[in-house]
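J.: Please find my_file-v2.cif (mmCIF, C-alpha atoms) on the next line:
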```
data_work
#
loop_
_atom_site.label_atom_id
_atom_site.label_comp_id
_atom_site.auth_asym_id
_atom_site.auth_seq_id
_atom_site.Cartn_x
_atom_site.Cartn_y
_atom_site.Cartn_z
CA MET K 1 119.61 122.68 92.10
CA ILE K 2 119.75 122.34 95.86
CA GLY K 3 117.97 118.95 95.67
CA LYS K 4 120.59 117.62 93.23
CA LYS K 5 123.43 118.73 95.51
CA ARG K 6 121.83 116.89 98.44
CA ILE K 7 121.43 113.73 96.38
CA ILE K 8 125.06 113.92 95.23
CA LYS K 9 126.24 114.47 98.81
CA LYS K 10 124.19 111.50 100.06
CA GLY K 11 125.49 109.31 97.24
CA THR K 12 129.07 110.41 97.92
CA PHE K 13 128.63 109.71 101.63
CA LEU K 14 127.25 106.23 100.93
CA PHE K 15 130.08 105.40 98.52
CA THR K 16 132.68 106.68 101.00
CA THR K 17 131.15 104.66 103.84
CA VAL K 18 131.13 101.43 101.82
CA PHE K 19 134.69 102.09 100.65
CA PHE K 20 135.96 102.51 104.22
CA VAL K 21 134.08 99.44 105.46
CA ILE K 22 135.76 97.38 102.76
CA ALA K 23 139.18 99.00 103.12
CA PHE K 24 139.45 98.76 106.89
CA SER K 25 137.78 95.43 107.51
CA ASN K 26 139.80 93.33 105.06
CA LEU K 27 136.56 92.21 103.37
CA SER K 28 135.97 91.95 99.68
CA CYS K 29 133.07 93.82 98.10
CA LYS K 30 131.37 90.47 97.43
CA GLU K 31 131.59 89.57 101.14
CA VAL K 32 130.07 92.92 102.17
CA ILE K 33 127.16 92.46 99.78
CA SER K 34 126.68 88.85 100.86
CA ARG K 35 126.73 89.72 104.56
CA SER K 36 124.30 92.61 104.14
CA ASP K 37 121.82 90.46 102.20
CA PHE K 38 119.86 89.07 105.15
CA GLY K 39 118.23 85.79 104.51
CA GLU K 40 121.00 84.50 102.26
CA GLU K 41 120.50 81.00 103.63
CA LYS K 42 116.78 81.21 102.85
CA GLN K 43 117.60 81.21 99.15
CA GLN K 44 118.43 77.54 99.46
CA GLU K 45 114.97 76.74 100.82
CA LYS K 46 112.71 75.08 98.28
CA HIS K 47 109.91 77.22 96.95
CA PRO K 48 108.09 76.72 93.64
CA ALA K 49 109.10 80.22 92.51
CA ASN K 50 112.81 79.21 92.69
CA GLU K 51 112.28 77.21 89.50
CA VAL K 52 110.88 80.08 87.41
CA ILE K 53 112.24 83.31 88.92
CA PRO K 54 115.98 83.98 88.71
CA ASP K 55 117.42 85.18 92.04
CA PHE K 56 114.13 84.54 93.85
CA HIS K 57 114.32 85.92 97.41
CA LEU K 58 111.98 84.35 99.94
CA TYR K 59 111.95 87.22 102.45
CA SER K 60 111.12 89.69 99.68
CA TYR K 61 108.27 87.43 98.60
CA TYR K 62 106.93 87.25 102.16
CA ALA K 63 107.26 91.04 102.55
CA GLY K 64 105.26 91.50 99.34
CA ARG K 65 102.53 89.22 100.63
CA ILE K 66 102.40 91.22 103.86
CA SER K 67 102.12 94.49 101.92
CA THR K 68 99.31 93.07 99.78
CA SER K 69 97.46 91.63 102.77
CA THR K 70 97.48 94.91 104.68
CA GLU K 71 96.24 96.80 101.63
CA PHE K 72 93.44 94.30 100.85
CA VAL K 73 92.28 94.27 104.45
CA SER K 74 92.39 98.05 104.88
CA TYR K 75 90.24 98.56 101.76
CA GLY K 76 87.67 96.03 102.96
CA CYS K 77 88.39 93.35 100.35
CA LYS K 78 88.98 90.92 103.22
CA LYS K 79 88.00 91.13 106.87
CA LEU K 80 90.94 89.00 107.99
CA ALA K 81 94.09 87.91 106.20
CA LEU K 82 96.83 85.55 107.35
CA SER K 83 100.51 85.78 106.64
CA THR K 84 102.29 82.67 105.52
CA THR K 85 103.43 80.46 108.38
CA LEU K 86 106.68 81.83 109.80
CA SER K 87 109.53 80.42 111.84
CA ASP K 88 110.81 82.51 114.75
CA GLU K 89 113.72 83.69 112.57
CA GLU K 90 111.42 84.71 109.73
CA LEU K 91 109.08 86.49 112.16
CA ALA K 92 111.98 88.47 113.64
CA VAL K 93 112.91 89.73 110.18
CA LEU K 94 109.38 90.36 108.86
CA LEU K 95 107.46 91.66 111.89
CA PRO K 96 108.86 95.22 111.69
CA HIS K 97 107.66 95.41 108.07
CA ALA K 98 104.23 94.06 109.06
CA GLU K 99 103.97 96.60 111.88
CA GLN K 100 105.00 99.42 109.55
CA LYS K 101 102.41 98.44 106.92
CA ALA K 102 99.69 98.00 109.56
CA LYS K 103 100.42 101.48 110.87
CA GLU K 104 100.44 102.89 107.33
CA TYR K 105 97.04 101.35 106.56
CA ARG K 106 95.68 101.87 110.09
CA ILE K 107 94.71 98.26 110.74
CA PRO K 108 95.35 96.05 113.77
CA ILE K 109 97.60 93.03 113.53
CA TYR K 110 98.14 90.14 115.91
CA VAL K 111 101.05 87.72 116.14
CA GLU K 112 99.38 84.32 116.50
CA LYS K 113 101.54 81.47 117.77
CA ASP K 114 98.59 79.07 118.09
CA LEU K 115 96.47 79.47 114.95
CA LEU K 116 92.84 78.44 115.17
CA VAL K 117 92.44 74.86 113.95
CA THR K 118 89.39 74.19 111.78
CA PRO K 119 88.63 71.69 109.04
CA LEU K 120 89.41 74.36 106.41
CA PHE K 121 93.14 73.60 106.60
CA SER K 122 95.36 70.74 107.68
CA PRO K 123 95.72 70.83 111.48
CA THR K 124 99.50 70.67 111.05
CA VAL K 125 99.79 73.65 108.69
CA ALA K 126 100.86 76.07 111.43
CA ARG K 127 102.14 73.67 114.10
CA GLY K 128 105.35 75.12 115.57
CA LYS K 129 105.00 78.23 113.39
CA THR K 130 103.63 81.72 113.79
CA VAL K 131 101.08 83.53 111.64
CA ILE K 132 100.46 87.27 111.57
CA LEU K 133 96.77 88.16 111.49
CA PHE K 134 95.80 91.32 109.59
CA ALA K 135 92.33 92.54 110.61
CA TYR K 136 90.03 95.20 109.19
CA ASN K 137 89.35 96.41 112.73
CA GLN K 138 89.40 95.26 116.35
CA ASP K 139 85.92 93.74 116.03
CA VAL K 140 87.31 91.28 113.48
CA LEU K 141 90.11 90.25 115.86
CA ASP K 142 87.55 89.90 118.65
CA GLU K 143 85.48 87.59 116.42
CA TYR K 144 88.59 85.50 115.71
CA PHE K 145 89.23 85.14 119.46
CA ALA K 146 85.54 84.29 120.01
CA ILE K 147 85.78 81.46 117.47
CA LYS K 148 88.92 80.16 119.25
CA ALA K 149 87.11 80.32 122.61
CA PHE K 150 84.09 78.50 121.11
CA ARG K 151 86.42 75.73 119.90
CA GLU K 152 88.16 75.45 123.29
CA LYS K 153 84.80 75.20 125.07
CA ALA K 154 83.69 72.49 122.64
CA ILE K 155 86.88 70.55 123.38
CA GLU K 156 86.32 70.88 127.14
CA GLU K 157 82.74 69.65 126.73
CA GLY K 158 83.79 66.77 124.48
CA ARG K 159 81.75 67.94 121.49
CA LEU K 160 84.40 69.20 119.06
CA GLY K 161 83.21 66.77 116.38
CA ASP K 162 79.74 68.30 116.54
CA VAL K 163 80.96 71.86 115.88
CA GLU K 164 83.86 71.39 113.48
CA GLU K 165 81.85 72.29 110.38
CA GLU K 166 80.49 75.39 112.13
CA LEU K 167 84.05 76.35 113.06
CA GLY K 168 85.10 76.02 109.43
CA TRP K 169 82.23 78.17 108.21
CA ARG K 170 82.78 80.88 110.83
CA PHE K 171 86.52 81.05 110.15
CA GLY K 172 86.01 80.92 106.39
CA ARG K 173 83.57 83.81 106.49
CA LEU K 174 85.95 85.79 108.68
CA LEU K 175 88.59 85.23 105.99
CA SER K 176 86.04 86.55 103.45
CA TYR K 177 85.98 83.29 101.51
CA THR K 178 83.01 82.60 99.24
CA ASP K 179 80.55 79.89 100.23
CA GLU K 180 81.83 77.78 97.33
CA THR K 181 85.41 78.10 98.56
CA ILE K 182 84.44 77.17 102.12
CA GLU K 183 82.50 74.14 100.87
CA ARG K 184 85.47 73.05 98.73
CA LEU K 185 87.96 73.45 101.58
CA LEU K 186 85.69 71.56 103.98
CA SER K 187 85.32 68.67 101.56
CA GLU K 188 89.04 68.36 100.69
CA GLU K 189 91.01 65.59 102.32
CA LYS K 190 93.62 66.99 104.70
#
```
Represent the supplied structure as structure tokens.

T.:
Amino acid sequence: MIGKKRIIKKGTFLFTTVFFVIAFSNLSCKEVISRSDFGEEKQQEKHPANEVIPDFHLYSYYAGRISTSTEFVSYGCKKLALSTTLSDEELAVLLPHAEQKAKEYRIPIYVEKDLLVTPLFSPTVARGKTVILFAYNQDVLDEYFAIKAFREKAIEEGRLGDVEEELGWRFGRLLSYTDETIERLLSEEK
């Protein structure tokens, strides 16, 4: 009985708060809902799901992908997972959720503003964007940084072309891709 009273009091408080916000700010209820729905402009952005899911919400989709990535990584299904590429605005909204999920699943994350470039993906896929890395443990992040350092050294020595396939394989394995998937990605035209 006490639990029900607390729920009723919380519900009454919420209703009263919303009522006063509307009453004293000369806003309509529709405006309050619209203004509290962060990412409203993002609904206009084109995404394939817009065509099949009514009221598709891009930030919710990204948050779901973050939740799934942290869970998969923490259970060892993947050593490393990448968020979708994010603008600074999207990162500001989604990073607190990513940090919360990483803490919940006890995994390290890293905000990567200069994603490792390998022949697995188009070199422009993350240009000017940020990606959140979700790692099984710190050793996985260290391996990611070692691959980046290997690439930088190859560039300095003028032998990037000689090591690109190796870079693709090392990164693909870190992402827990199958050999078949890595071979397919390496052979696709970018």

J.: I need the output of the PyMOL selection byres ((chain K and resi 111) around 9) for this file as a list of chain:residue names; which residues are they?

T.: K:Leu95, K:Ile109, K:Tyr110, K:Glu112, K:Lys113, K:Thr130, K:Val131, K:Ile132, K:Leu133

J.: Just to confirm, what's the straight-line distance from atom CA of Ile147 of chain K to atom CA of Leu167 of chain K in Å (one decimal)?

T.: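 Atom-to-atom, atom CA of Ile147 of chain K and atom CA of Leu167 of chain K are spaced 7.0 Å apart.
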
J.: Using all atoms listed in the file, pick whichever of K:Ala135, K:Ala146, K:Leu120, K:Val163 has the shortest atom-to-atom distance to Arg184 of chain K.

T.: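 Between K:Ala135, K:Ala146, K:Leu120, K:Val163, the residue approaching Arg184 of chain K most closely is K:Leu120.
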
J.: Mind giving me the straight-line distance from atom CA of Glu89 of chain K to atom CA of Pro54 of chain K in Å, one decimal?

T.: 24.0 Å

J.: Just the number, please: distance in Å from atom CA of His97 of chain K to atom CA of Leu174 of chain K, one decimal.

T.: 23.8 Å

J.: Could you pull the residues within 10 Å of segment 177-180 of chain K, counting only C-alpha atoms, minus those fewer than 5 positions along the same chain, as a VMD selection string?

T.: chain K and resid 78 to 80 169 171 to 172 185 to 186

J.: How would the residues just picked look written out with C-alpha atoms as a JSON list (two decimals), in the frame of the given file?

T.:
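File result-v9.json, as written:
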```json
[["chain", "number", "residue", "atom", "x", "y", "z"],
["K", 78, "LYS", "CA", 88.98, 90.92, 103.22],
["K", 79, "LYS", "CA", 88.00, 91.13, 106.87],
["K", 80, "LEU", "CA", 90.94, 89.00, 107.99],
["K", 169, "TRP", "CA", 82.23, 78.17, 108.21],
["K", 171, "PHE", "CA", 86.52, 81.05, 110.15],
["K", 172, "GLY", "CA", 86.01, 80.92, 106.39],
["K", 185, "LEU", "CA", 87.96, 73.45, 101.58],
["K", 186, "LEU", "CA", 85.69, 71.56, 103.98]]
```
